[in-house]
$ cat coords27.txt   # compact mmCIF, C-alpha atoms
# COMPACT_ATOMS: atom_id res chain seq x y z
CA MET S 227 123.99 134.28 226.46
CA GLY S 228 124.43 134.26 222.75
CA ALA S 229 127.05 136.94 222.93
CA GLY S 230 130.10 134.85 223.42
CA PHE S 231 130.43 136.36 226.82
CA CYS S 232 132.17 134.05 229.18
CA PHE S 233 132.12 134.36 232.94
CA SER S 234 134.88 131.91 233.76
CA LYS S 235 137.64 133.80 235.47
CA GLU S 236 140.37 132.41 233.25
CA ASN S 237 138.82 133.54 230.01
CA MET S 238 137.27 136.76 231.13
CA HIS S 239 137.64 139.50 228.56
CA GLY S 240 140.60 141.75 229.08
CA ARG S 241 142.24 139.69 231.78
CA LEU S 242 145.37 138.95 229.78
CA ALA S 243 145.76 142.55 228.67
CA CYS S 244 145.50 143.63 232.26
CA ARG S 245 148.29 141.22 233.13
CA LEU S 246 150.44 142.69 230.39
CA VAL S 247 150.04 146.23 231.68
CA LYS S 248 150.58 145.12 235.26
CA GLU S 249 153.75 143.42 234.22
CA PHE S 250 155.07 146.65 232.78
CA ASN S 251 154.14 148.46 235.94
CA SER S 252 155.64 145.89 238.28
CA GLY S 253 159.20 146.58 237.17
CA GLU S 254 161.33 148.86 239.25
CA LYS S 255 160.97 152.46 238.24
CA GLY S 256 162.99 153.14 235.12
CA GLN S 257 163.85 149.45 234.70
CA LEU S 258 162.69 147.51 231.68
CA ASN S 259 161.35 143.99 231.97
CA HIS S 260 161.74 141.39 229.28
CA PHE S 261 159.54 142.09 226.30
CA ASN S 262 156.67 139.63 226.71
CA GLU S 263 155.96 138.73 223.13
CA GLU S 264 154.00 135.62 224.06
CA LEU S 265 151.48 137.43 226.22
CA LEU S 266 151.23 140.24 223.71
CA ASN S 267 150.35 137.79 220.96
CA GLU S 268 147.78 136.11 223.16
CA VAL S 269 146.07 139.43 223.75
CA ALA S 270 146.16 140.13 220.02
CA LYS S 271 144.57 136.74 219.47
CA GLU S 272 141.84 137.61 221.92
CA CYS S 273 141.22 140.75 219.88
CA SER S 274 140.73 138.69 216.75
CA GLU S 275 138.33 136.40 218.58
CA ASN S 276 136.37 139.43 219.79
CA PHE S 277 136.20 140.62 216.23
CA LEU S 278 134.94 137.29 214.92
CA VAL S 279 132.15 137.20 217.50
CA LEU S 280 131.33 140.81 216.74
CA GLN S 281 131.07 140.15 213.03
CA SER S 282 129.00 137.02 213.43
CA LEU S 283 126.56 138.81 215.72
CA ILE S 284 126.14 141.64 213.26
CA ARG S 285 125.64 139.15 210.47
CA LYS S 286 123.05 137.32 212.53
CA MET S 287 121.11 140.51 213.10
CA GLN S 288 121.27 141.34 209.43
CA GLU S 289 119.97 137.91 208.53
CA GLU S 290 117.10 138.40 210.94
CA GLY S 291 116.36 141.64 209.12
CA LEU S 292 117.04 143.81 212.16
CA ASP S 293 118.50 147.29 211.89
CA PHE S 294 121.78 147.28 213.83
CA GLN S 295 121.65 151.00 214.51
CA THR S 296 118.33 150.96 216.31
CA THR S 297 117.71 147.46 217.60
CA ARG S 298 118.61 146.93 221.22
CA ASN S 299 118.54 143.20 221.76
CA ALA S 300 120.92 140.70 223.34
CA ASP S 301 122.90 140.36 220.14
CA HIS S 302 123.39 144.10 219.92
CA TYR S 303 124.77 144.31 223.42
CA GLY S 304 126.85 141.20 222.85
CA ALA S 305 128.44 142.85 219.85
CA LEU S 306 128.95 146.02 221.83
CA ILE S 307 130.69 144.16 224.64
CA ASN S 308 133.03 142.53 222.17
CA HIS S 309 133.75 145.86 220.53
CA LEU S 310 134.52 147.49 223.86
CA SER S 311 136.68 144.57 225.00
CA LEU S 312 138.61 144.82 221.78
CA ILE S 313 139.21 148.53 222.26
CA ARG S 314 140.29 147.99 225.82
CA ASN S 315 142.71 145.29 224.77
CA LYS S 316 144.06 147.51 222.05
CA ARG S 317 144.66 150.33 224.49
CA CYS S 318 146.46 147.97 226.86
CA LEU S 319 148.64 146.61 224.07
CA LEU S 320 149.53 150.08 222.86
CA ALA S 321 150.11 151.30 226.40
CA TYR S 322 152.55 148.45 226.93
CA VAL S 323 154.49 149.09 223.74
CA TYR S 324 154.28 152.87 223.89
CA ASN S 325 155.47 153.14 227.48
CA ARG S 326 158.35 150.85 226.74
CA ALA S 327 159.19 152.98 223.72
CA GLU S 328 159.27 156.02 225.99
CA MET S 329 161.77 154.26 228.22
CA ILE S 330 163.81 153.41 225.15
CA GLN S 331 163.83 157.08 224.16
CA ASN S 332 165.12 157.78 227.61
CA LEU S 333 167.98 155.32 227.16
CA ALA S 334 169.21 157.35 224.22
CA TRP S 335 169.52 160.36 226.50
CA THR S 336 170.99 158.72 229.54
CA VAL S 337 173.10 155.83 228.27
CA GLY S 338 174.14 156.33 224.69
CA LEU S 339 172.97 156.74 221.14
CA ARG S 340 174.45 153.52 219.81
CA LEU S 341 172.98 150.10 220.40
CA PHE S 342 176.35 148.63 221.36
CA GLU S 343 176.70 151.26 224.06
CA LEU S 344 173.72 149.77 225.89
CA PRO S 345 174.72 147.21 228.50
CA GLU S 346 174.09 143.57 227.64
CA GLU S 347 171.39 143.19 230.30
CA ILE S 348 169.33 146.00 228.77
CA GLN S 349 169.76 144.80 225.22
CA GLU S 350 168.47 141.34 225.95
CA LYS S 351 165.26 142.79 227.37
CA LEU S 352 164.39 144.52 224.13
CA SER S 353 162.49 142.89 221.31
CA HIS S 354 163.85 143.05 217.79
CA PRO S 355 161.50 145.86 216.69
CA GLU S 356 162.38 147.74 219.86
CA LYS S 357 166.06 147.59 219.00
CA GLU S 358 165.22 148.91 215.56
CA TYR S 359 163.17 151.65 217.14
CA PHE S 360 166.05 152.60 219.41
CA LYS S 361 168.39 152.86 216.45
CA LYS S 362 165.98 154.97 214.43
CA HIS S 363 165.12 157.25 217.28
CA SER S 364 168.77 157.75 218.12
CA SER S 365 169.53 158.63 214.55
CA ALA S 366 166.67 161.16 214.59
CA LEU S 367 168.26 162.72 217.65
CA GLU S 368 171.66 162.67 216.05
CA SER S 369 170.42 164.30 212.91
CA TYR S 370 168.84 167.06 215.00
CA MET S 371 172.10 167.55 216.86
CA SER S 372 174.11 167.74 213.69
CA LYS S 373 171.61 170.24 212.26
CA VAL S 374 171.97 172.55 215.21
CA ASP S 375 175.64 171.57 215.47
CA LEU S 376 175.50 170.97 219.20
CA ASP S 377 175.79 167.83 221.30
CA LEU S 378 172.80 167.68 223.57
CA ASN S 379 173.48 164.44 225.40
CA VAL S 380 176.40 165.85 227.33
CA ASP S 381 176.13 168.38 230.13
CA MET S 382 173.15 166.67 231.71
CA VAL S 383 173.74 168.16 235.14
CA PRO S 384 174.50 171.79 235.90
CA PRO S 385 178.25 172.38 235.94
CA LYS S 386 179.64 173.38 239.30
CA ASP S 387 183.32 173.28 238.67
CA PRO S 388 185.24 172.97 235.42
CA TYR S 389 187.33 170.22 236.98
CA ILE S 390 186.15 167.09 238.74
CA LYS S 391 187.79 164.19 240.50
CA VAL S 392 187.19 160.82 238.91
CA ARG S 393 188.12 157.24 239.55
CA VAL S 394 188.74 154.90 236.64
CA LEU S 395 186.49 151.85 236.92
CA ASP S 396 187.64 149.84 233.98
CA ASP S 397 190.74 149.46 231.90
CA VAL S 398 190.19 152.32 229.54
CA GLY S 399 193.51 151.75 227.92
CA GLU S 400 196.27 154.19 227.36
CA GLY S 401 195.29 155.49 223.95
CA ILE S 402 193.04 158.12 225.46
CA VAL S 403 194.22 161.65 225.34
CA VAL S 404 192.24 164.00 227.49
CA SER S 405 192.55 167.56 226.24
CA ASP S 406 196.27 168.03 225.88
CA LYS S 407 197.54 165.56 228.44
CA ALA S 408 197.98 161.85 227.99
CA ALA S 409 197.74 160.19 231.36
CA ASN S 410 197.90 156.61 232.40
CA PHE S 411 194.30 155.65 233.03
CA ALA S 412 194.88 152.39 234.83
CA ARG S 413 191.97 150.81 236.65
CA HIS S 414 191.22 152.37 240.06
CA SER S 415 193.55 155.27 239.44
CA MET S 416 192.23 158.70 240.33
CA HIS S 417 192.46 161.79 238.23
CA PHE S 418 191.56 165.41 238.23
CA LEU S 419 190.03 166.05 234.84
CA LYS S 420 188.09 168.62 232.93
CA ARG S 421 184.43 167.89 233.46
CA THR S 422 183.68 168.02 229.75
CA ASP S 423 186.38 165.44 229.04
CA ALA S 424 185.39 163.09 231.82
CA GLU S 425 181.63 163.19 231.19
CA LEU S 426 181.88 160.96 228.15
CA TYR S 427 183.59 158.20 230.13
CA ILE S 428 181.31 158.59 233.10
CA SER S 429 178.19 158.08 231.01
CA ARG S 430 179.70 154.91 229.59
CA GLY S 431 180.42 153.63 233.05
CA LEU S 432 184.19 153.66 232.61
CA MET S 433 184.79 156.28 235.27
CA GLU S 434 182.91 157.52 238.30
CA GLU S 435 182.85 160.94 239.78
CA LEU S 436 184.15 161.25 243.29
CA THR S 437 182.14 163.68 245.33
CA GLY S 438 182.70 165.16 248.72
CA MET H 111 182.72 211.99 238.84
CA ALA H 112 182.81 211.87 242.60
CA GLU H 113 179.59 213.91 242.89
CA ASP H 114 177.83 211.69 240.45
CA PHE H 115 178.56 208.82 242.68
CA GLY H 116 176.58 210.06 245.63
CA GLU H 117 173.37 211.09 243.93
CA GLY H 118 173.17 208.89 240.93
CA SER H 119 174.21 205.64 242.54
CA THR H 120 170.72 204.27 243.25
CA ALA H 121 169.51 205.19 239.82
CA GLY H 122 172.70 203.73 238.45
CA MET H 123 172.16 200.51 240.33
CA ASP H 124 168.61 200.25 239.04
CA GLU H 125 169.80 200.79 235.54
CA TYR H 126 172.51 198.26 236.04
CA GLU H 127 169.99 195.72 237.29
CA THR H 128 167.65 196.34 234.38
CA LEU H 129 170.57 195.97 232.06
CA MET H 130 171.62 192.73 233.70
CA ALA H 131 168.10 191.37 233.51
CA THR H 132 168.04 191.82 229.78
CA THR H 133 171.34 190.16 228.93
CA ASP H 134 171.05 187.14 226.76
CA VAL H 135 172.15 184.86 229.58
CA GLU H 136 169.26 186.11 231.72
CA LEU H 137 166.86 185.82 228.80
CA LEU H 138 168.04 182.30 228.16
CA LYS H 139 167.60 181.47 231.81
CA THR H 140 164.04 182.79 231.68
CA ALA H 141 163.34 180.86 228.50
CA LEU H 142 164.64 177.67 230.09
CA ARG H 143 162.64 178.27 233.25
CA ASN H 144 159.45 178.91 231.31
CA GLU H 145 159.97 175.88 229.15
CA LYS H 146 160.62 173.74 232.18
CA ALA H 147 157.61 174.97 234.08
CA ALA H 148 155.10 174.89 231.25
CA PRO H 149 153.41 171.58 230.58
CA GLU H 150 153.23 172.25 226.86
CA ILE H 151 155.73 173.43 224.30
CA LEU H 152 156.32 177.17 224.07
CA GLN H 153 157.43 179.34 221.18
CA ILE H 154 161.05 178.68 220.21
CA GLN H 155 163.29 181.67 220.87
CA THR H 156 165.10 181.54 217.56
CA GLN H 157 166.89 184.86 217.77
CA LEU H 158 167.95 184.30 221.35
CA VAL H 159 169.37 180.88 220.56
CA LYS H 160 171.24 182.33 217.62
CA ARG H 161 172.75 185.12 219.71
CA ALA H 162 173.64 182.72 222.51
CA ARG H 163 175.45 180.49 220.06
CA GLU H 164 177.42 183.40 218.67
CA GLN H 165 178.40 184.53 222.12
CA ILE H 166 179.41 181.04 223.16
CA GLN H 167 181.61 180.76 220.13
CA LEU H 168 183.17 184.09 220.92
CA MET H 169 183.84 182.96 224.47
CA GLU H 170 185.38 179.74 223.26
CA GLU H 171 187.75 181.68 221.07
CA THR H 172 188.61 183.98 223.92
CA VAL H 173 189.36 181.10 226.26
CA GLU H 174 191.52 179.45 223.65
CA GLU H 175 193.39 182.68 223.07
CA PHE H 176 193.97 183.07 226.78
CA GLU H 177 195.26 179.53 227.05
CA GLN H 178 197.69 180.06 224.23
CA SER H 179 198.93 183.38 225.46
CA GLY H 180 199.82 181.76 228.78
CA MET H 181 197.41 183.70 230.90
CA ASP H 182 196.99 182.94 234.59
CA PRO H 183 195.27 179.50 234.75
CA LEU H 184 192.85 180.66 237.41
CA THR H 185 191.55 183.45 235.20
CA VAL H 186 191.23 181.03 232.32
CA SER H 187 189.31 178.57 234.42
CA LEU H 188 186.94 181.31 235.54
CA TYR H 189 186.20 182.11 231.93
CA GLN H 190 185.85 178.44 231.23
CA MET H 191 183.35 178.10 234.04
CA ASP H 192 181.28 180.93 232.66
CA LEU H 193 181.40 179.31 229.26
CA ASP H 194 180.35 175.95 230.65
CA ARG H 195 177.37 177.51 232.34
CA ALA H 196 176.24 179.30 229.23
CA GLN H 197 176.55 176.09 227.29
CA PHE H 198 174.61 174.19 229.89
CA LEU H 199 171.77 176.71 229.67
CA LEU H 200 171.60 176.48 225.91
CA ARG H 201 171.79 172.70 225.85
CA SER H 202 169.20 172.32 228.58
CA TYR H 203 166.86 174.65 226.78
CA LEU H 204 167.04 172.74 223.50
CA ARG H 205 167.04 169.42 225.31
CA ILE H 206 163.91 170.06 227.34
CA ARG H 207 162.11 171.01 224.14
CA LEU H 208 163.16 167.83 222.41
CA GLN H 209 162.00 165.79 225.35
CA LYS H 210 158.60 167.46 225.17
CA LEU H 211 158.48 166.70 221.47
CA GLU H 212 159.25 163.06 222.17
CA LYS H 213 156.50 162.89 224.72
CA TYR H 214 153.74 164.71 222.86
CA MET H 215 154.72 164.27 219.23
CA PHE H 216 151.27 163.36 217.93
CA TYR H 217 149.55 166.05 219.94
CA ILE H 218 151.92 168.78 218.81
CA TRP H 219 151.94 167.69 215.22
CA LYS H 220 148.18 167.79 214.67
CA ASP H 221 147.78 171.30 216.06
CA ASP H 222 148.95 174.05 213.71
CA SER H 223 149.42 176.64 216.42
CA LEU H 224 151.66 174.29 218.39
CA ARG H 225 153.56 173.22 215.32
CA ASN H 226 154.30 176.85 214.51
CA ARG H 227 156.14 177.15 217.79
CA LEU H 228 158.87 174.81 216.60
CA SER H 229 162.13 175.57 214.89
CA GLU H 230 162.97 174.06 211.52
CA PRO H 231 165.21 171.28 212.91
CA GLU H 232 162.58 170.52 215.54
CA ILE H 233 159.96 170.07 212.85
CA PHE H 234 162.20 167.58 211.09
CA PHE H 235 162.83 165.84 214.36
CA VAL H 236 159.19 165.51 215.35
CA LYS H 237 158.31 164.26 211.88
CA ARG H 238 160.87 161.52 212.14
CA CYS H 239 159.77 160.70 215.66
CA ILE H 240 156.21 160.21 214.49
CA ASP H 241 157.24 158.05 211.55
CA ASP H 242 159.42 155.87 213.73
CA MET H 243 156.86 155.54 216.49
CA GLU H 244 154.03 154.78 214.10
CA LYS H 245 156.09 152.17 212.38
CA HIS H 246 157.08 150.61 215.66
CA LEU H 247 153.49 150.46 216.94
CA GLU H 248 152.32 149.17 213.58
CA GLU H 249 154.86 146.40 213.51
CA THR H 250 154.49 145.33 217.12
CA VAL H 251 150.76 145.69 217.75
CA LEU H 252 148.54 147.25 215.12
CA SER H 253 149.28 144.81 212.31
CA LYS H 254 148.06 142.03 214.57
CA LEU H 255 144.69 143.64 215.18
CA PRO H 256 141.51 143.30 213.08
CA ASP H 257 141.04 145.63 210.11
CA ASN H 258 138.89 148.33 211.63
CA TYR H 259 141.11 148.73 214.66
CA GLN H 260 144.50 149.42 213.13
CA SER H 261 144.81 153.17 213.57
CA ALA H 262 147.39 154.41 216.05
CA GLY H 263 145.48 157.57 216.88
CA ARG H 264 141.93 156.25 216.93
CA GLN H 265 140.46 153.42 218.91
CA SER H 266 138.46 152.09 216.01
CA ILE H 267 137.05 153.08 212.67
CA ILE H 268 133.93 154.48 214.32
CA SER H 269 135.84 156.98 216.47
CA GLU H 270 135.06 160.44 215.20
CA GLU H 271 138.28 162.04 216.39
CA ASP H 272 141.74 161.02 217.53
CA ASP H 273 140.99 159.56 220.91
CA MET H 274 144.28 157.84 221.65
CA VAL H 275 146.75 160.70 221.54
CA PRO H 276 148.81 161.35 224.68
CA GLU H 277 148.23 164.95 225.72
CA PRO H 278 149.99 167.14 228.23
CA GLN H 279 148.04 167.84 231.39
CA LEU H 280 147.27 171.54 231.03
CA ASP H 281 145.00 171.73 234.04
CA THR H 282 147.84 171.54 236.49
CA PHE H 283 149.90 173.38 239.03
CA VAL H 284 153.08 175.13 238.10
CA ALA H 285 155.59 177.02 240.14
CA CYS H 286 156.07 180.54 238.90
CA LYS H 287 157.75 183.77 239.77
CA SER H 288 155.98 187.07 239.42
CA SER H 289 157.59 189.80 237.40
CA ASN H 290 157.98 193.24 238.94
CA ARG H 291 155.14 194.83 237.15
CA PHE H 292 151.72 194.54 238.59
CA VAL H 293 148.65 194.39 236.45
CA SER H 294 145.32 193.75 238.01
CA LEU H 295 143.73 190.90 236.17
CA ARG H 296 141.51 188.15 237.32
CA LEU H 297 141.82 184.55 236.43
CA VAL H 298 138.83 184.05 234.18
CA ASP H 299 137.22 181.00 232.72
CA ARG H 300 138.95 181.58 229.46
CA TYR H 301 142.22 180.56 231.05
CA LYS H 302 140.69 177.60 232.74
CA SER H 303 140.00 175.99 229.45
CA SER H 304 143.47 176.34 228.06
CA PHE H 305 145.97 177.32 230.69
CA PHE H 306 144.66 176.83 234.16
CA TRP H 307 148.06 176.93 235.78
CA HIS H 308 148.00 177.74 239.43
CA LEU H 309 150.52 179.28 241.67
CA LEU H 310 152.27 176.64 243.68
CA SER H 311 153.83 178.48 246.55
CA LEU H 312 151.71 181.28 247.86
CA ILE H 313 152.12 183.61 250.73
CA PHE H 314 148.58 183.74 251.96
CA SER H 315 148.37 187.39 252.78
CA PHE H 316 149.34 188.14 249.22
CA PHE H 317 147.06 185.56 247.77
CA GLN H 318 144.96 187.92 245.71
CA LYS H 319 147.94 189.77 244.37
CA GLN H 320 149.84 186.70 243.43
CA VAL H 321 146.99 185.19 241.55
CA CYS H 322 146.50 188.39 239.65
CA LYS H 323 150.15 188.60 238.86
CA PHE H 324 150.08 185.09 237.78
CA ALA H 325 147.28 185.75 235.36
CA PHE H 326 149.44 188.50 233.97
CA ILE H 327 152.30 186.12 233.45
CA ASN H 328 149.88 183.75 231.90
CA LEU H 329 148.74 186.39 229.46
CA GLN H 330 152.31 187.11 228.55
CA TRP H 331 152.94 183.49 227.89
CA GLU H 332 150.01 183.27 225.61
CA THR H 333 151.00 186.24 223.58
CA PHE H 334 154.75 186.46 223.53
CA GLY H 335 156.50 185.08 220.56
CA ASP H 336 158.91 187.83 219.80
CA GLY H 337 161.25 186.75 222.55
CA ALA H 338 160.28 189.23 225.24
CA PRO H 339 159.30 187.42 228.42
$ encode --input "coords27.txt" --output "structure tokens"
Amino acid sequence: MGAGFCFSKENMHGRLACRLVKEFNSGEKGQLNHFNEELLNEVAKECSENFLVLQSLIRKMQEEGLDFQTTRNADHYGALINHLSLIRNKRCLLAYVYNRAEMIQNLAWTVGLRLFELPEEIQEKLSHPEKEYFKKHSSALESYMSKVDLDLNVDMVPPKDPYIKVRVLDDVGEGIVVSDKAANFARHSMHFLKRTDAELYISRGLMEELTG
Amino acid sequence: MAEDFGEGSTAGMDEYETLMATTDVELLKTALRNEKAAPEILQIQTQLVKRAREQIQLMEETVEEFEQSGMDPLTVSLYQMDLDRAQFLLRSYLRIRLQKLEKYMFYIWKDDSLRNRLSEPEIFFVKRCIDDMEKHLEETVLSKLPDNYQSAGRQSIISEEDDMVPEPQLDTFVACKSSNRFVSLRLVDRYKSSFFWHLLSLIFSFFQKQVCKFAFINLQWETFGDGAP
């Protein structure tokens, strides 16, 4: 077939892109995998190859004096297949990046608005542009919050009681003053705190709420 | 006074209930519920948010005053609890809207009627979101693709419309609560195209009624904008 259409399983159109999307999907729900730059670039390369074949087929038809709009020959369908493969690859690439970006948006809500607040193991899974995206998106959120003058990333669960029992998980240090009292927040110590005060430390993983 | 009590008590209770149902806290609850249930963004309740903020501030001042004047800690904590709940409602309401904006930024932005449902800060927010997302997609993927395929919203240069914009699923089921009033309306095709939201939990004997009521709610949702749910 003069269409650059290859039936070998390894090089079949769209196979790599499919792998990329599957890889995103294979992660545990809500867990990011490493950003697979290598595979992404390979798919992008396949797109360029599709485009080259597409162009050369169109050129060939033009040289033969055929009208591309109306002629339905092997070259036309070859070009079409390459066009459709390219679009499919593009959608897969964007789906991969876009869905990851959505998870990154989610991090800003659930973990913290600053990059350094993200745990090491999440940070290393992000690509450089993704880190930039996180920063920019967080600052968009922050600027909204400062415009309405209200913190929106606290109070994520409905308040039941103004006070909750917490256990300190890490050495938070003594410098912390909660409301009016300065307590000794040694590791593993338990306290009865105002929910609004404790929430900040809970979201950073420094304290945990004791229930029941 | 005592005579009033006997006769007027039911009417009084009704009035009391109506009054309670129209407090800002109730309105905010309704707004939050609607926003949560609806797959797409609804009209921002600007006035309601403004009033809620004022009331929250007032409550904060009251609680502070109580604390300073050495009032019974239990009473103070009851006030505090009320305050916390009001704040949670307000935050959740604004938050759920932002999360919808994050999810459907392109879709909302290109439709004037949807864009008009946003508040000023939300418009700024969604604009920034779009810029950031476009730049991110551009840098990571689109710049690596051939010339005619670099649009974020369209598959290729020959696409006649934006065919790559994530859209909310409008043809879906939602849980809803009927209001007291009953208006006999049928679910017509018109709704199917835009808002074919079904009733999730139905009592079968009331099927017809519930669907009608639902259509009524649906109508309300399409037309309200002045803050009256």
$ residues_around --input "coords27.txt" --residues "Phe234 of chain H" --least-positions-apart "3" --cutoff "10 Å" --atoms "only C-alpha atoms" --output "PyMOL selection string"
(chain S and resi 366+369-370+373) or (chain H and resi 228-231+237-239)
$ closest_residue --input "coords27.txt" --among "H:Met181, H:Leu129, H:Val275, H:Met191" --to "chain S" --atoms "only C-alpha atoms"
H:Met191
$ interface_residues --input "coords27.txt" --of "chain S" --to "chain H" --cutoff "9 Å" --atoms "all atoms listed in the file" --output "ChimeraX atom specification"
/S:266-267,270-271,273-274,277,312-314,316-317,319-320,323-324,327-328,331-332,355-356,358-359,362-363,366-367,369-371,373-374,376-389,422
$ residues_around --input "coords27.txt" --residues "Ala424 of chain S" --least-positions-apart "3" --cutoff "10 Å" --atoms "all atoms listed in the file" --output "ChimeraX atom specification"
/S:389-392,404,417-421,427-429,432-435
$ axis_aligned_box --input "coords27.txt" --around "segment 253-258 of chain H" --padding-each-side "4 Å" --output "AutoDock Vina command-line options"
--center_x 144.1 --center_y 145.2 --center_z 212.6 --size_x 18.4 --size_y 14.3 --size_z 13.1
$ atom_distance --input "coords27.txt" --atom1 "atom CA of Asn251 of chain S" --atom2 "atom CA of Asn325 of chain S"
9.8 Å
$ atom_distance --input "coords27.txt" --atom1 "atom CA of Leu137 of chain H" --atom2 "atom CA of Glu150 of chain H"
19.3 Å
$ atom_distance --input "coords27.txt" --atom1 "atom CA of Ile307 of chain S" --atom2 "atom CA of Gln281 of chain S"
12.3 Å
$ residues_near_point --input "coords27.txt" --point "(135.0, 144.2, 225.5)" --cutoff "12 Å" --atoms "all atoms listed in the file" --output "JSON, numbers by chain"
{"S": [229, 230, 231, 232, 238, 239, 240, 241, 243, 272, 273, 274, 275, 276, 277, 279, 280, 303, 304, 305, 306, 307, 308, 309, 310, 311, 312, 313, 314, 315, 316, 317]}
